[in-house]
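Quick look at model-v8.txt (compact mmCIF, C-alpha atoms):
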```txt
# COMPACT_ATOMS: atom_id res chain seq x y z
CA MET A 1 -53.31 12.02 -4.22
CA SER A 2 -51.67 8.61 -4.12
CA GLY A 3 -54.66 7.30 -2.19
CA ASN A 4 -57.03 8.35 -4.97
CA SER A 5 -54.93 6.58 -7.57
CA GLU A 6 -54.94 3.37 -5.58
CA SER A 7 -58.74 3.40 -5.09
CA GLN A 8 -59.27 3.93 -8.82
CA ALA A 9 -57.06 0.93 -9.59
CA GLU A 10 -58.97 -1.23 -7.12
CA GLY A 11 -62.22 -0.22 -8.79
CA GLY A 12 -61.05 -2.08 -11.87
CA GLU A 13 -60.90 0.76 -14.41
CA GLN A 14 -58.19 3.33 -14.84
CA ARG A 15 -57.52 5.44 -17.89
CA ASP A 16 -54.12 4.96 -19.46
CA GLN A 17 -51.95 7.92 -18.68
CA PRO A 18 -50.07 9.38 -21.65
CA LYS A 19 -46.35 8.73 -21.64
CA LEU A 20 -44.03 11.69 -21.32
CA THR A 21 -42.41 10.70 -24.61
CA ALA A 22 -45.73 11.31 -26.35
CA PHE A 23 -45.09 15.04 -25.97
CA VAL A 24 -41.44 14.92 -27.02
CA GLU A 25 -40.60 15.37 -30.69
CA ARG A 26 -37.61 13.20 -31.46
CA THR A 27 -35.07 14.44 -34.00
CA CYS A 28 -31.94 12.91 -35.45
CA PRO A 29 -28.86 14.50 -33.83
CA VAL A 30 -26.97 14.26 -37.14
CA CYS A 31 -29.39 15.55 -39.78
CA GLY A 32 -32.31 16.95 -37.78
CA ARG A 33 -34.98 14.72 -39.31
CA LYS A 34 -38.01 14.19 -37.10
CA TYR A 35 -39.22 10.68 -36.39
CA GLY A 36 -41.89 9.10 -34.25
CA GLU A 37 -41.70 7.40 -30.89
CA ASN A 38 -41.11 3.99 -32.44
CA GLY A 39 -38.82 5.22 -35.20
CA SER A 40 -35.22 4.05 -35.31
CA GLU A 41 -32.25 6.32 -35.81
CA CYS A 42 -31.76 7.40 -39.41
CA HIS A 43 -28.06 8.05 -38.74
CA PRO A 44 -26.71 5.35 -36.38
CA SER A 45 -23.54 6.76 -34.81
CA SER A 46 -21.47 3.69 -35.68
CA VAL A 47 -22.38 3.95 -39.36
CA VAL A 48 -21.81 7.71 -39.55
CA GLU A 49 -18.43 7.46 -37.83
CA PHE A 50 -17.27 4.74 -40.16
CA GLU A 51 -18.61 6.63 -43.17
CA ARG A 52 -16.40 9.53 -42.11
CA ARG A 53 -13.36 7.31 -41.82
CA LEU A 54 -14.16 5.64 -45.13
CA ALA A 55 -14.18 9.06 -46.83
CA THR A 56 -10.96 10.37 -45.30
CA GLN A 57 -8.48 7.59 -44.53
CA ASN A 58 -6.16 5.33 -46.49
CA TRP A 59 -7.63 1.87 -46.96
CA LEU A 60 -5.96 0.32 -50.00
CA LEU A 61 -2.64 -1.50 -49.80
CA THR A 62 -1.51 0.54 -46.81
CA ALA A 63 1.36 -1.84 -46.10
CA GLN A 64 2.76 -1.32 -49.61
CA ARG A 65 1.98 2.37 -49.99
CA PRO A 66 5.10 4.34 -50.99
CA PRO A 67 5.84 6.86 -48.21
CA GLU A 68 6.57 9.59 -50.77
CA THR A 69 3.18 9.27 -52.48
CA PRO A 70 2.34 12.86 -53.45
CA PRO A 71 -1.13 14.34 -52.91
CA GLY A 72 -3.13 14.19 -56.13
CA LYS A 73 -4.54 17.16 -57.96
CA SER A 74 -7.86 15.41 -58.38
CA PRO A 75 -10.81 16.91 -56.48
CA VAL A 76 -11.81 13.43 -55.35
CA VAL A 77 -12.01 13.16 -51.58
CA GLY A 78 -10.11 10.43 -49.75
CA SER A 79 -6.44 9.57 -49.76
CA ASP A 80 -7.08 6.60 -52.05
CA ARG A 81 -8.77 8.80 -54.67
CA VAL A 82 -12.05 6.88 -54.61
CA SER A 83 -14.82 9.16 -55.85
CA PHE A 84 -17.79 7.24 -54.49
CA GLU A 85 -17.30 5.45 -51.19
CA PRO A 86 -19.46 2.40 -52.07
CA THR A 87 -17.01 1.53 -54.84
CA TYR A 88 -14.59 0.40 -52.16
CA LEU A 89 -16.62 -2.79 -52.26
CA ALA A 90 -15.50 -3.32 -55.86
CA VAL A 91 -11.83 -3.21 -54.83
CA ARG A 92 -12.32 -4.96 -51.52
CA PRO A 93 -9.44 -7.44 -52.07
CA LEU A 94 -7.01 -4.52 -51.77
CA ILE A 95 -8.29 -3.30 -48.41
CA GLN A 96 -5.67 -4.22 -45.85
CA SER A 97 -6.38 -1.88 -42.94
CA GLU A 98 -8.90 -2.57 -40.20
CA SER A 99 -10.74 -5.18 -42.25
CA ASP A 100 -12.96 -6.17 -39.32
CA GLN A 101 -14.45 -2.70 -39.20
CA PHE A 102 -14.86 -2.68 -42.96
CA ASP A 103 -16.66 -6.03 -42.87
CA ALA A 104 -19.01 -4.64 -40.22
CA TYR A 105 -19.73 -1.64 -42.44
CA VAL A 106 -20.45 -3.89 -45.42
CA SER A 107 -22.97 -5.80 -43.33
CA ASP A 108 -24.87 -2.56 -42.66
CA THR A 109 -24.63 -0.81 -46.01
CA PRO A 110 -27.41 -1.33 -48.58
CA TYR A 111 -24.93 -1.46 -51.46
CA GLN A 112 -24.49 -4.89 -53.00
CA ILE A 113 -21.43 -4.49 -55.19
CA THR A 114 -19.43 -7.53 -56.20
CA ASP A 115 -15.64 -7.68 -56.22
CA GLN A 116 -14.16 -6.58 -59.54
CA THR A 117 -10.65 -7.95 -59.83
CA TRP A 118 -9.80 -5.94 -62.92
CA ILE A 119 -10.86 -2.70 -61.19
CA ALA A 120 -8.75 -3.66 -58.18
CA SER A 121 -5.80 -4.06 -60.54
CA VAL A 122 -6.15 -0.39 -61.55
CA TYR A 123 -5.52 0.66 -57.97
CA ARG A 124 -2.85 -1.97 -57.43
CA ARG A 125 -0.92 -0.53 -60.36
CA TYR A 126 -1.55 3.01 -59.20
CA LEU A 127 -0.61 2.50 -55.56
CA SER A 128 2.12 -0.13 -55.62
CA GLU A 129 4.12 0.25 -58.82
CA THR A 130 7.71 -0.48 -57.89
CA ASN A 131 9.50 2.19 -59.89
CA GLU A 132 7.02 5.02 -60.23
CA ILE A 133 3.53 6.13 -59.41
CA VAL A 134 1.52 5.18 -62.50
CA PRO A 135 -0.98 7.91 -63.39
CA GLY A 136 -4.56 6.78 -63.06
CA VAL A 137 -5.41 6.85 -66.79
CA LEU A 138 -2.37 4.76 -67.72
CA ALA A 139 -3.18 2.31 -64.94
CA GLY A 140 -6.72 2.10 -66.30
CA ILE A 141 -5.49 1.45 -69.84
CA ARG A 142 -3.21 -1.38 -68.74
CA ALA A 143 -5.85 -2.98 -66.52
CA SER A 144 -8.40 -2.77 -69.35
CA GLU A 145 -5.97 -4.38 -71.79
CA ASP A 146 -5.34 -7.23 -69.38
CA ARG A 147 -9.05 -7.81 -68.90
CA ILE A 148 -9.79 -7.82 -72.63
CA THR A 149 -6.93 -10.25 -73.24
CA ARG A 150 -8.17 -12.63 -70.55
CA ARG A 151 -11.55 -12.73 -72.29
CA GLY A 152 -9.85 -13.94 -75.45
CA VAL A 153 -10.69 -10.84 -77.46
CA GLU A 154 -8.38 -8.64 -79.50
CA VAL A 155 -7.20 -5.53 -77.69
CA ALA A 156 -8.63 -2.72 -79.82
CA PRO A 157 -8.45 0.99 -78.91
CA ALA A 158 -12.26 1.31 -79.02
CA ARG A 159 -12.67 -1.56 -76.54
CA VAL A 160 -10.09 -0.13 -74.17
CA PHE A 161 -11.63 3.32 -74.42
CA ALA A 162 -15.08 1.98 -73.51
CA HIS A 163 -13.57 0.40 -70.39
CA LEU A 164 -11.84 3.68 -69.53
CA VAL A 165 -15.11 5.58 -69.87
CA PHE A 166 -16.79 3.08 -67.55
CA LEU A 167 -14.04 3.46 -64.95
CA ASP A 168 -14.29 7.24 -65.09
CA GLN A 169 -18.09 7.04 -65.03
CA CYS A 170 -17.85 5.29 -61.66
CA GLY A 171 -15.07 7.54 -60.38
CA LEU A 172 -12.46 4.78 -60.54
CA LEU A 173 -9.63 6.45 -62.42
CA PRO A 174 -7.25 7.70 -59.71
CA ARG A 175 -6.12 11.32 -59.95
CA TYR A 176 -8.08 12.07 -63.10
CA ASP A 177 -10.64 14.87 -63.23
CA SER A 178 -12.56 15.15 -66.49
CA LEU A 179 -13.88 18.61 -65.64
CA VAL A 180 -10.58 20.40 -65.04
CA ARG A 181 -10.36 23.33 -67.43
CA GLY A 182 -7.42 25.15 -68.89
CA GLY A 183 -5.50 22.87 -71.21
CA GLU A 184 -6.19 19.48 -69.63
CA ARG A 185 -6.50 16.74 -72.22
CA SER A 186 -9.71 14.78 -72.45
CA LEU A 187 -9.90 11.06 -71.81
CA SER A 188 -10.37 10.39 -75.52
CA GLU A 189 -7.32 12.50 -76.43
CA ILE A 190 -5.12 10.66 -73.93
CA CYS A 191 -6.30 7.28 -75.18
CA ALA A 192 -5.91 8.24 -78.87
CA GLU A 193 -2.39 9.50 -78.22
CA TYR A 194 -1.45 6.34 -76.34
CA TYR A 195 -2.48 4.14 -79.30
CA ASP A 196 -1.49 6.71 -81.94
CA VAL A 197 -4.90 6.61 -83.61
CA ARG A 198 -7.49 9.15 -84.68
CA LEU A 199 -10.25 10.07 -82.23
CA SER A 200 -12.79 8.56 -84.59
CA GLU A 201 -11.22 5.13 -84.09
CA LEU A 202 -12.30 5.18 -80.44
CA GLU A 203 -15.98 5.44 -81.32
CA SER A 204 -18.23 2.42 -80.88
CA GLU A 205 -21.81 1.45 -80.12
CA TRP A 206 -20.81 1.09 -76.46
CA VAL A 207 -20.34 4.78 -75.76
CA VAL A 208 -22.60 7.78 -76.18
CA LYS A 209 -21.94 11.49 -75.92
CA ARG A 210 -23.49 13.50 -73.12
CA ARG A 211 -23.17 17.19 -72.26
CA VAL A 212 -21.72 18.74 -69.12
CA ASP A 213 -21.94 22.52 -69.20
CA ARG A 214 -19.98 23.61 -72.28
CA SER A 215 -18.34 20.26 -72.94
CA LYS A 216 -19.38 16.89 -74.28
CA VAL A 217 -18.33 13.77 -72.44
CA TYR A 218 -18.71 10.08 -73.12
CA SER A 219 -20.79 7.58 -71.16
CA THR A 220 -21.10 3.82 -71.50
CA THR A 221 -24.34 2.19 -72.56
CA PRO A 222 -26.19 -0.48 -70.56
CA GLU A 223 -25.42 -2.89 -73.42
CA PHE A 224 -21.68 -2.43 -72.88
CA ARG A 225 -21.93 -3.00 -69.15
CA GLN A 226 -23.96 -6.16 -69.69
CA ALA A 227 -21.89 -7.54 -72.56
CA TRP A 228 -18.61 -7.06 -70.72
CA ASP A 229 -19.98 -7.96 -67.30
CA VAL A 230 -18.85 -4.78 -65.57
CA GLU A 231 -22.09 -3.91 -63.80
CA LEU A 232 -21.38 -2.76 -60.24
CA VAL A 233 -25.05 -2.65 -59.27
CA SER A 234 -27.70 -4.83 -60.84
CA GLY A 235 -31.40 -4.06 -61.05
CA SER A 236 -32.23 -6.99 -58.80
CA SER A 237 -30.04 -5.70 -55.97
CA ILE A 238 -31.76 -2.32 -56.12
CA GLN A 239 -35.17 -3.95 -55.91
CA SER A 240 -34.18 -6.16 -52.99
CA THR A 241 -32.63 -3.44 -50.87
CA HIS A 242 -34.94 -0.53 -51.39
CA PRO A 243 -38.59 -0.15 -50.39
CA HIS A 244 -39.21 2.87 -52.63
CA SER A 245 -38.34 1.04 -55.84
CA ASP A 246 -40.92 3.05 -57.77
CA HIS A 247 -38.93 6.20 -57.01
CA LYS A 248 -35.37 5.20 -57.82
CA PRO A 249 -33.79 8.63 -57.19
CA PHE A 250 -34.17 7.76 -53.51
CA ASP A 251 -31.84 4.81 -54.03
CA GLY A 252 -28.24 5.60 -53.15
CA THR A 253 -26.97 3.14 -55.74
CA ALA A 254 -28.39 5.27 -58.55
CA VAL A 255 -25.29 7.46 -58.64
CA LEU A 256 -23.11 4.45 -59.38
CA GLY A 257 -25.05 3.37 -62.44
CA ASP A 258 -25.86 6.80 -63.80
CA HIS A 259 -24.46 8.52 -66.84
CA ARG A 260 -20.97 9.91 -66.66
CA ASP A 261 -22.10 13.52 -67.06
CA HIS A 262 -24.23 13.19 -63.91
CA ASN A 263 -21.44 11.51 -61.95
CA LEU A 264 -18.83 14.08 -62.97
CA VAL A 265 -21.00 16.82 -61.50
CA VAL A 266 -21.51 14.79 -58.32
CA ARG A 267 -17.76 14.36 -57.98
CA ARG A 268 -17.24 18.09 -58.35
CA ALA A 269 -19.97 18.78 -55.79
CA LYS A 270 -18.20 16.50 -53.34
CA SER A 271 -14.96 18.40 -53.87
CA GLU A 272 -16.64 21.81 -53.54
CA LEU A 273 -18.25 20.82 -50.25
CA ARG A 274 -14.83 19.95 -48.88
CA GLY A 275 -13.73 23.53 -49.53
CA LEU A 276 -16.42 25.11 -47.37
CA PRO A 277 -15.30 26.31 -43.91
CA ASP A 278 -18.07 24.46 -42.08
CA VAL A 279 -17.45 21.07 -43.74
CA ASP A 280 -14.84 18.63 -42.43
CA TRP A 281 -15.65 15.70 -44.70
CA ALA A 282 -17.94 14.79 -47.57
CA VAL A 283 -19.34 11.55 -48.91
CA ALA A 284 -20.99 10.49 -52.18
CA PRO A 285 -23.55 9.11 -52.30
CA HIS A 286 -25.07 9.39 -48.83
CA ILE A 287 -27.73 7.15 -47.36
CA ILE A 288 -30.31 7.88 -44.70
CA TYR A 289 -31.95 4.93 -42.97
CA SER A 290 -35.71 5.35 -43.02
CA HIS A 291 -36.96 2.76 -40.55
CA ALA A 292 -39.68 5.12 -39.32
CA ASP A 293 -41.28 5.22 -42.77
CA TYR A 294 -41.02 1.52 -43.52
CA ASP A 295 -43.30 -1.44 -42.85
CA CYS A 296 -40.98 -3.80 -41.00
CA SER A 297 -43.42 -6.67 -41.54
CA ASP A 298 -42.36 -6.82 -45.18
CA ASP A 299 -40.00 -9.77 -45.49
CA SER A 300 -38.90 -8.91 -49.02
CA SER A 301 -35.52 -7.73 -47.77
CA SER A 302 -33.38 -8.40 -44.75
CA ARG A 303 -31.45 -5.17 -45.23
CA PRO A 304 -32.50 -1.79 -43.85
CA PRO A 305 -34.38 0.51 -46.25
CA VAL A 306 -32.68 3.74 -47.19
CA LEU A 307 -33.18 7.10 -48.82
CA GLY A 308 -30.33 7.97 -51.14
CA PHE A 309 -28.80 11.35 -52.00
CA ASP A 310 -25.93 12.20 -54.31
CA VAL A 311 -23.65 14.00 -51.87
CA ALA A 312 -23.50 15.21 -48.27
CA GLY A 313 -21.13 17.39 -46.26
CA PHE A 314 -20.54 17.03 -42.53
CA GLU A 315 -18.91 18.97 -39.74
CA TYR A 316 -17.46 17.49 -36.58
CA THR A 317 -18.71 19.37 -33.50
CA VAL A 318 -18.26 18.81 -29.77
CA ASP A 319 -21.62 17.04 -29.85
CA GLY A 320 -20.68 14.74 -32.72
CA GLN A 321 -21.10 14.75 -36.50
CA ARG A 322 -23.54 17.26 -38.00
CA MET A 323 -24.83 17.19 -41.55
CA ARG A 324 -24.45 20.69 -42.95
CA TYR A 325 -25.22 20.15 -46.65
CA LEU A 326 -27.21 17.58 -48.59
CA GLY A 327 -27.30 17.58 -52.38
CA VAL A 328 -28.94 16.07 -55.44
CA VAL A 329 -27.83 16.28 -59.08
CA THR A 330 -30.75 15.81 -61.45
CA ASP A 331 -30.45 14.32 -64.90
CA TRP A 332 -31.69 15.63 -68.23
CA ASN A 333 -35.48 15.40 -68.51
CA GLU A 334 -35.79 13.71 -65.14
CA ASP A 335 -39.34 13.03 -63.98
CA PRO A 336 -40.38 16.24 -62.15
CA PHE A 337 -42.42 14.27 -59.63
CA GLU A 338 -39.32 12.31 -58.62
CA VAL A 339 -37.41 15.60 -58.30
CA TYR A 340 -40.24 16.85 -56.10
CA LEU A 341 -39.95 13.77 -53.89
CA GLN A 342 -36.22 14.29 -53.50
CA ILE A 343 -36.66 17.96 -52.60
CA ALA A 344 -39.36 17.06 -50.08
CA GLN A 345 -36.89 14.67 -48.42
CA LEU A 346 -34.16 17.34 -48.43
CA GLY A 347 -36.56 19.60 -46.58
CA GLU A 348 -37.03 17.00 -43.85
CA THR A 349 -33.46 17.61 -42.68
CA ALA A 350 -31.87 20.63 -41.02
CA ALA A 351 -29.10 20.68 -43.63
CA THR A 352 -28.77 23.27 -46.37
CA GLY A 353 -30.11 21.60 -49.50
CA VAL A 354 -28.63 21.95 -52.97
CA VAL A 355 -30.22 20.67 -56.18
CA VAL A 356 -28.14 20.99 -59.35
CA PHE A 357 -30.24 20.97 -62.54
CA PRO A 358 -28.83 20.55 -66.07
CA ASN A 359 -29.68 24.19 -66.90
CA ARG A 360 -31.99 27.07 -65.99
CA GLU A 361 -34.66 25.87 -68.39
CA GLU A 362 -34.96 22.62 -66.45
CA ILE A 363 -35.40 24.64 -63.24
CA TYR A 364 -38.20 26.64 -64.84
CA ASP A 365 -39.85 23.44 -66.09
CA PHE A 366 -39.80 22.01 -62.58
CA LEU A 367 -41.27 25.14 -61.02
CA GLN A 368 -44.02 25.20 -63.62
CA TYR A 369 -44.72 21.55 -62.77
CA LEU A 370 -45.11 22.50 -59.11
CA LYS A 371 -47.61 25.12 -60.16
CA THR A 372 -49.72 23.01 -62.48
CA ALA A 373 -49.61 19.79 -60.43
CA GLU A 374 -50.62 21.72 -57.29
CA LEU A 375 -47.92 20.07 -55.21
CA ASP A 376 -47.06 23.15 -53.15
CA ARG A 377 -49.61 24.60 -50.75
CA ASP A 378 -48.44 28.17 -51.41
CA ARG A 379 -48.05 27.87 -55.16
CA GLY A 380 -49.61 31.33 -55.57
CA VAL A 381 -46.15 32.91 -55.40
CA LEU A 382 -45.10 31.03 -58.52
CA PRO A 383 -45.72 32.71 -61.90
CA GLU A 384 -48.84 31.62 -63.72
CA GLU A 385 -47.11 31.10 -67.06
CA ARG A 386 -43.83 29.38 -67.87
CA ASP A 387 -42.74 32.29 -70.09
CA GLU A 388 -42.74 34.69 -67.14
CA TYR A 389 -39.47 33.21 -65.85
CA SER A 390 -37.64 34.68 -68.84
CA SER A 391 -37.86 38.09 -67.19
CA VAL A 392 -35.81 36.93 -64.19
CA PRO A 393 -32.27 38.17 -64.87
CA ASN A 394 -30.23 35.54 -63.00
CA VAL A 395 -30.29 32.70 -60.50
CA GLN A 396 -29.85 34.97 -57.49
CA ALA A 397 -32.84 37.06 -58.52
CA LEU A 398 -34.85 33.88 -59.02
CA HIS A 399 -34.23 32.95 -55.39
CA GLU A 400 -34.80 36.43 -54.00
CA GLN A 401 -37.98 37.15 -55.96
CA ILE A 402 -39.63 33.72 -56.05
CA LEU A 403 -37.97 30.68 -54.50
CA ASN A 404 -37.43 32.14 -51.02
CA GLU A 405 -41.22 32.54 -50.77
CA VAL A 406 -41.95 28.88 -51.53
CA PRO A 407 -42.15 26.81 -48.29
CA LEU A 408 -41.17 23.60 -50.06
CA LEU A 409 -37.87 25.20 -51.09
CA ASP A 410 -37.04 26.78 -47.73
CA GLY A 411 -33.30 26.36 -47.18
CA ILE A 412 -32.81 24.69 -50.58
CA ALA A 413 -30.86 26.21 -53.47
CA LEU A 414 -31.62 25.36 -57.11
CA LEU A 415 -28.56 25.73 -59.34
CA PRO A 416 -27.95 25.16 -63.05
CA ARG A 417 -24.83 23.15 -63.84
CA ARG A 418 -23.04 26.01 -65.54
CA LYS A 419 -23.33 28.33 -62.54
CA PHE A 420 -22.23 25.54 -60.21
CA LEU A 421 -19.22 24.55 -62.33
CA ASP A 422 -18.18 28.20 -62.75
CA GLU A 423 -18.62 29.30 -59.13
CA GLY A 424 -18.83 26.13 -57.05
CA PHE A 425 -20.53 26.77 -53.74
CA ASP A 426 -18.76 30.08 -53.10
CA THR A 427 -21.94 32.09 -53.74
CA LEU A 428 -24.34 29.66 -52.05
CA ALA A 429 -24.86 32.07 -49.14
CA ASP A 430 -26.31 34.58 -51.62
CA LEU A 431 -29.12 32.16 -52.43
CA VAL A 432 -30.04 30.42 -49.18
CA SER A 433 -29.07 30.44 -45.52
CA VAL A 434 -25.96 28.42 -44.72
CA PRO A 435 -24.71 27.18 -41.33
CA THR A 436 -23.87 29.99 -38.92
CA TYR A 437 -22.39 29.98 -35.47
CA ALA A 438 -23.02 31.94 -32.30
```

This entry written out as structure tokens:
Amino acid sequence: MSGNSESQAEGGEQRDQPKLTAFVERTCPVCGRKYGENGSECHPSSVVEFERRLATQNWLLTAQRPPETPPGKSPVVGSDRVSFEPTYLAVRPLIQSESDQFDAYVSDTPYQITDQTWIASVYRRYLSETNEIVPGVLAGIRASEDRITRRGVEVAPARVFAHLVFLDQCGLLPRYDSLVRGGERSLSEICAEYYDVRLSELESEWVVKRRVDRSKVYSTTPEFRQAWDVELVSGSSIQSTHPHSDHKPFDGTAVLGDHRDHNLVVRRAKSELRGLPDVDWAVAPHIIYSHADYDCSDDSSSRPPVLGFDVAGFEYTVDGQRMRYLGVVTDWNEDPFEVYLQIAQLGETAATGVVVFPNREEIYDFLQYLKTAELDRDRGVLPEERDEYSSVPNVQALHEQILNEVPLLDGIALLPRRKFLDEGFDTLADLVSVPTYA
């Protein structure tokens, strides 16, 4: 046989033999995404490992941290009470542990967030107060007052409150959870009591009311963030770091600039994931490197392109980190095509997908869009008319009767905010398959 091969080579023409790798389907060991022969890893082990440490370890002022610091009641993951891991970049001056590793992470992450000294002062007050641990809201009030004073403007309750709303919007008020029920005071009530003013005196053109489940919450306007120079992520940084700029929900920075009602739900989702038995750590937002789907000849950005999701939950196994859950929180009246794109990307992974919609009506609107836009190859299982969904008694029945038969939604749960906030992920197994073990 070897003799025949040699004679063919001497004859001058020999057909290229297919490589063995051409028959091997490569998958990511972390999330299960499939990628081609020339595709790079979507979850580099060094990045995933550091992301885990970033979400679970103390990083801020560790040398000055009081040893008796009590665990907070906030559902925010991480000993430093940072809701969204990328916001560590905003308080980078306070990071005193393993800075070399943190610098290496910053060089790989797509987030371009500038240092915010006044935000760092919130955590400095919270973590290193000499006489007592200053609650996060009080620390935020004092830091906001200092910042307003330095800008040469009168410290007015409405101005301070707008800064507080911004901090909470980005998950930067330590140990404060706006969605805790049962007698907890709202951010506006705490601020009004501190200044001894009526709630109406906190109102301004810089804040708007949004709804989360049964409650209304405040959110800052883009005009406030621009006027007071508190933007963590600018539009230009999103454009320069993300190849899918036409579909911004893919951008992991979106969660940082979104409305407070969206971010509060993301924070709760992160906390709920931590409570599941097959999750060891959670991160928000989570990025997936998409080198395989990107034209590397494009010189518009020197940073790796990413797909962004609101929250992810991981388990540590003997074979390394495994993504068990991947989630998205949609906004009110979000473009259904962009929601479809996100769900399609969720389905590319082996993780259990969760999409939290504002309410059941938004879920029905999305399903009707799938039907009319002909985006699902087996759309015949979906009702012909939008009104037919009214006969479905509850979310579990919706999954059992309809969604479990839609290939696009295989392994993906669609939840309205109210059901999620009432039940968390305790009933997720009733809707879709969740990780099991032999």

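CA of Glu423 in chain A to CA of Gly171 in chain A spans 22.1 Å [interatomic distance, one decimal].
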
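CA of Leu415 in chain A lies 26.8 Å from CA of Phe166 in chain A.
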
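If you look at CA of Arg159 in chain A and CA of Phe84 in chain A, they are 24.3 Å away from each other.
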
Kindly extract all protein, DNA and RNA residues lying within 10 Å of the coordinates (-22.9, -0.5, -73.7) given in the file, considering all atoms listed in the file, and supply them as a VMD selection string.
-> chain A and resid 162 to 163 166 204 to 208 219 to 228

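Among the candidates A:Val197, A:Val329, A:Ile119, A:Cys31, the one nearest to Leu164 in chain A when counting all atoms listed in the file is A:Ile119.
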
Pick the closest to Val355 in chain A from A:Asp430, A:Asp115, A:Asp310, A:Asp422: which is it, counting all atoms listed in the file?
-> A:Asp310

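You can rank A:Leu89, A:Leu173, A:Leu375, A:Val160 by their closest distance to Val122 in chain A using only C-alpha atoms, and at the top of that list sits A:Leu173.
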
Residues within 10 Å of (-21.3, 20.8, -43.2), counting all atoms listed in the file, listed as a JSON list (two decimals) with C-alpha atoms, in the frame of the given file:
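Wrote selection.json, looks like this:
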```json
[["chain", "number", "residue", "atom", "x", "y", "z"],
["A", 273, "LEU", "CA", -18.25, 20.82, -50.25],
["A", 274, "ARG", "CA", -14.83, 19.95, -48.88],
["A", 276, "LEU", "CA", -16.42, 25.11, -47.37],
["A", 277, "PRO", "CA", -15.30, 26.31, -43.91],
["A", 278, "ASP", "CA", -18.07, 24.46, -42.08],
["A", 279, "VAL", "CA", -17.45, 21.07, -43.74],
["A", 280, "ASP", "CA", -14.84, 18.63, -42.43],
["A", 281, "TRP", "CA", -15.65, 15.70, -44.70],
["A", 282, "ALA", "CA", -17.94, 14.79, -47.57],
["A", 312, "ALA", "CA", -23.50, 15.21, -48.27],
["A", 313, "GLY", "CA", -21.13, 17.39, -46.26],
["A", 314, "PHE", "CA", -20.54, 17.03, -42.53],
["A", 315, "GLU", "CA", -18.91, 18.97, -39.74],
["A", 316, "TYR", "CA", -17.46, 17.49, -36.58],
["A", 321, "GLN", "CA", -21.10, 14.75, -36.50],
["A", 322, "ARG", "CA", -23.54, 17.26, -38.00],
["A", 323, "MET", "CA", -24.83, 17.19, -41.55],
["A", 324, "ARG", "CA", -24.45, 20.69, -42.95],
["A", 325, "TYR", "CA", -25.22, 20.15, -46.65],
["A", 326, "LEU", "CA", -27.21, 17.58, -48.59],
["A", 351, "ALA", "CA", -29.10, 20.68, -43.63],
["A", 352, "THR", "CA", -28.77, 23.27, -46.37],
["A", 434, "VAL", "CA", -25.96, 28.42, -44.72],
["A", 435, "PRO", "CA", -24.71, 27.18, -41.33]]
```

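You can rank A:Ile148, A:Val392, A:Val318, A:Val48 by their closest distance to Tyr105 in chain A using all atoms listed in the file, and at the top of that list sits A:Val48.
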
From A:Cys42, A:Val230, A:Ala55, A:Leu421, residue lying nearest Val165 in chain A [all atoms listed in the file] = A:Val230

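In terms of minimum interatomic distance to Val82 in chain A, A:Arg267 ranks closest within A:Arg151, A:His262, A:Arg386, A:Arg267, counting only C-alpha atoms.
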
What lies within 8 Å of Val217 in chain A using only C-alpha atoms, ignoring chain neighbours under 3 positions off, as a CSV table (one decimal) with C-alpha atoms, in the coordinates of the input?
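And here's around_23.csv as it stands now:
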```csv
chain,number,residue,atom,x,y,z
A,209,LYS,CA,-21.9,11.5,-75.9
A,210,ARG,CA,-23.5,13.5,-73.1
A,211,ARG,CA,-23.2,17.2,-72.3
A,212,VAL,CA,-21.7,18.7,-69.1
A,260,ARG,CA,-21.0,9.9,-66.7
A,261,ASP,CA,-22.1,13.5,-67.1
```

Repaired coordinates for range 264-271 of chain A (N, CA and C atoms) as a short mmCIF file (atom, residue, chain, number, x, y, z; two decimals), keeping the file's coordinate frame:
```cif
data_model
loop_
_atom_site.label_atom_id
_atom_site.label_comp_id
_atom_site.auth_asym_id
_atom_site.auth_seq_id
_atom_site.Cartn_x
_atom_site.Cartn_y
_atom_site.Cartn_z
N LEU A 264 -19.89 13.08 -63.00
CA LEU A 264 -18.83 14.08 -62.97
C LEU A 264 -19.25 15.29 -62.15
N VAL A 265 -20.50 15.69 -62.27
CA VAL A 265 -21.00 16.82 -61.50
C VAL A 265 -21.07 16.46 -60.02
N VAL A 266 -21.48 15.22 -59.72
CA VAL A 266 -21.51 14.79 -58.32
C VAL A 266 -20.11 14.81 -57.72
N ARG A 267 -19.14 14.35 -58.48
CA ARG A 267 -17.76 14.36 -57.98
C ARG A 267 -17.29 15.78 -57.69
N ARG A 268 -17.64 16.70 -58.58
CA ARG A 268 -17.24 18.09 -58.35
C ARG A 268 -17.96 18.65 -57.13
N ALA A 269 -19.22 18.31 -56.96
CA ALA A 269 -19.97 18.78 -55.79
C ALA A 269 -19.32 18.29 -54.50
N LYS A 270 -18.87 17.05 -54.50
CA LYS A 270 -18.20 16.50 -53.34
C LYS A 270 -16.93 17.29 -53.03
N SER A 271 -16.18 17.62 -54.06
CA SER A 271 -14.96 18.40 -53.87
C SER A 271 -15.26 19.81 -53.37
#
```
